[in-house]
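This is start_24.txt. It holds compact mmCIF, C-alpha atoms.
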# COMPACT_ATOMS: atom_id res chain seq x y z
CA MET U 273 73.07 109.01 -45.71
CA LYS U 274 72.88 105.81 -43.71
CA GLN U 275 75.76 105.30 -41.27
CA THR U 276 76.92 101.86 -40.19
CA ALA U 277 78.50 100.97 -36.86
CA LEU U 278 80.31 97.72 -36.11
CA LEU U 279 79.98 96.58 -32.53
CA ILE U 280 82.83 94.23 -31.70
CA CYS U 281 82.25 91.58 -29.07
CA SER U 282 83.22 88.01 -28.38
CA GLY U 283 80.08 85.90 -28.70
CA GLY U 284 77.48 88.29 -30.03
CA ALA U 285 74.58 87.66 -27.65
CA SER U 286 74.69 90.69 -25.34
CA SER U 287 76.09 92.96 -28.04
CA GLY U 288 73.30 91.83 -30.35
CA PHE U 289 70.78 93.13 -27.79
CA LEU U 290 72.70 96.40 -27.47
CA ALA U 291 72.83 96.75 -31.27
CA GLN U 292 69.06 96.20 -31.41
CA ASN U 293 68.49 98.86 -28.72
CA ILE U 294 70.73 101.34 -30.56
CA ARG U 295 68.71 100.75 -33.76
CA LYS U 296 65.48 101.40 -31.80
CA ALA U 297 66.95 104.61 -30.34
CA ALA U 298 68.00 105.76 -33.82
CA LYS U 299 64.53 105.05 -35.19
CA LYS U 300 62.98 107.11 -32.36
CA ARG U 301 65.24 110.00 -33.36
CA SER U 302 64.41 109.48 -37.07
CA MET U 303 68.01 108.58 -37.87
CA GLU U 304 69.26 105.92 -40.24
CA ILE U 305 71.97 103.98 -38.47
CA GLU U 306 72.76 100.32 -39.00
CA VAL U 307 74.50 98.49 -36.17
CA ILE U 308 76.19 95.16 -36.80
CA ALA U 309 77.43 93.02 -33.89
CA ARG U 310 80.35 90.74 -34.81
CA GLY U 311 83.47 89.17 -33.38
CA GLU U 312 86.78 91.01 -33.74
CA SER U 313 88.04 88.41 -36.23
CA GLU U 314 85.39 89.65 -38.69
CA LEU U 315 86.52 93.30 -38.72
CA ARG U 316 88.39 93.08 -42.05
CA GLU U 317 85.29 91.68 -43.80
CA TYR U 318 83.25 94.75 -42.85
CA MET U 319 85.81 97.55 -43.22
CA ASP U 320 84.43 98.74 -46.56
CA GLN U 321 80.88 98.93 -45.13
CA ILE U 322 81.35 100.65 -41.76
CA ASP U 323 81.73 104.22 -40.52
CA VAL U 324 82.60 103.59 -36.86
CA VAL U 325 83.74 100.73 -34.61
CA LEU U 326 82.57 100.22 -31.02
CA ILE U 327 84.36 97.71 -28.81
CA ALA U 328 82.65 95.86 -25.95
CA PRO U 329 84.26 96.74 -22.60
CA HIS U 330 85.37 93.17 -21.88
CA LEU U 331 87.43 93.25 -25.08
CA SER U 332 89.48 96.34 -24.19
CA TYR U 333 92.63 94.22 -24.67
CA VAL U 334 92.03 94.05 -28.46
CA ARG U 335 91.61 97.82 -28.89
CA GLU U 336 95.22 98.40 -29.97
CA ASP U 337 95.02 95.59 -32.53
CA ILE U 338 91.75 96.95 -33.92
CA GLU U 339 93.19 100.48 -34.13
CA LYS U 340 96.15 99.07 -36.11
CA GLN U 341 93.77 97.31 -38.52
CA LEU U 342 91.85 100.57 -38.98
CA GLU U 343 94.97 102.68 -39.63
CA GLY U 344 94.57 104.83 -42.73
CA SER U 345 90.86 104.06 -43.03
CA ASN U 346 89.47 107.17 -41.27
CA ILE U 347 87.14 104.85 -39.32
CA PRO U 348 86.96 105.98 -35.68
CA CYS U 349 87.04 103.39 -32.94
CA THR U 350 86.12 103.60 -29.26
CA LEU U 351 85.52 101.42 -26.23
CA ILE U 352 81.94 101.29 -24.91
CA ASP U 353 81.77 102.08 -21.22
CA GLN U 354 80.73 99.29 -18.85
CA SER U 355 77.44 100.86 -17.73
CA THR U 356 76.17 101.50 -21.28
CA TYR U 357 77.07 97.94 -22.25
CA GLY U 358 75.80 96.35 -19.04
CA LEU U 359 72.48 98.18 -19.18
CA LEU U 360 72.16 97.61 -22.95
CA ASP U 361 71.49 101.37 -23.12
CA GLY U 362 70.61 102.04 -26.76
CA GLU U 363 70.24 105.80 -26.27
CA LYS U 364 73.73 106.14 -24.76
CA GLY U 365 75.11 103.72 -27.34
CA LEU U 366 73.70 105.91 -30.11
CA ASP U 367 75.22 108.99 -28.46
CA ILE U 368 78.63 107.26 -28.44
CA ILE U 369 78.29 106.49 -32.16
CA LEU U 370 77.30 110.09 -32.96
CA GLU U 371 80.24 111.48 -30.92
CA GLN U 372 82.62 109.30 -32.94
CA LEU U 373 81.11 110.31 -36.29
CA ASN U 374 81.33 114.08 -35.61
As structure tokens, how would this structure be written, given the file I've shared?
Amino acid sequence: MKQTALLICSGGASSGFLAQNIRKAAKKRSMEIEVIARGESELREYMDQIDVVLIAPHLSYVREDIEKQLEGSNIPCTLIDQSTYGLLDGEKGLDIILEQLN
């Protein structure tokens, strides 16, 4: 079954590259994972389509708000560490997603 991760960021440029690298890493591992990069204001629109939420490190201040929005949905949410995000490390990003889904 295909899993979908929502990567929450502010603008979408750097997180778009990270999302692309995570998709490449998933493909290498023969896994079906979709990664969507969007702003936090779009979370509600995607809640019925996603399995996990990742938050860009520079948006740590919205984590509590996002967790409140996700209450009762069984959708896990975590903050991406600065090095994974800064290096656009798709392999580590995929590992973070898998940790959250298990």
Polymer residues at most 10 Å from U:Arg301, only C-alpha atoms, same-chain spacing of 4 or more positions, as a list in words: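 Here the qualifying residues turn out to be Arg295, Lys296, Ala297, Glu363 and Leu366 of chain U.
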Top pick for closest residue to U:Val324, considering U:Leu342, U:Ser287, U:Ser282, U:Thr356 and counting only C-alpha atoms: U:Leu342
Separation of atom CA of U:Glu304 from atom CA of U:Asp323 in Å: 12.6 Å
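Using all atoms listed in the file, the smallest distance between any of U:Ile305, U:Ala298, U:Ile327, U:Leu278 and U:Tyr357 comes from U:Ile327.
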Shell around U:Ala328 at 9 Å using only C-alpha atoms, local window under 5 positions removed, as an NGL selection string: :U and (279-282 or 287 or 351-354 or 357)
Please dump the current selection as a short mmCIF file (atom, residue, chain, number, x, y, z; two decimals), in the coordinates of the input; keep C-alpha atoms.
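Output file out_9.cif is given in full below:
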data_model
loop_
_atom_site.label_atom_id
_atom_site.label_comp_id
_atom_site.auth_asym_id
_atom_site.auth_seq_id
_atom_site.Cartn_x
_atom_site.Cartn_y
_atom_site.Cartn_z
CA LEU U 279 79.98 96.58 -32.53
CA ILE U 280 82.83 94.23 -31.70
CA CYS U 281 82.25 91.58 -29.07
CA SER U 282 83.22 88.01 -28.38
CA SER U 287 76.09 92.96 -28.04
CA LEU U 351 85.52 101.42 -26.23
CA ILE U 352 81.94 101.29 -24.91
CA ASP U 353 81.77 102.08 -21.22
CA GLN U 354 80.73 99.29 -18.85
CA TYR U 357 77.07 97.94 -22.25
#
Residues within 12 Å of U:Glu312, all atoms listed in the file, excluding chain neighbours under 5 positions, as a list in words: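 These residues fall inside the cut-off: Leu278, Leu279, Ile280, Cys281, Ser282, Gly283, Gly284, Glu317, Tyr318, Met319, Val325, Leu326, Ile327, Ala328, Leu331, Ser332, Tyr333, Val334, Arg335, Glu336, Asp337, Ile338, Glu339 and Gln341 of chain U.
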Nearest candidate to U:Pro329 (options U:Ser286, U:Ser313, U:Ser302, U:Asn293; using all atoms listed in the file):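 With all atoms listed in the file as the atom set, the closest residue is U:Ser286.
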Given only C-alpha atoms as the counted atoms, nearest of U:Asn374, U:Thr350, U:Gln275, U:Gln321 to U:Met303: U:Gln275
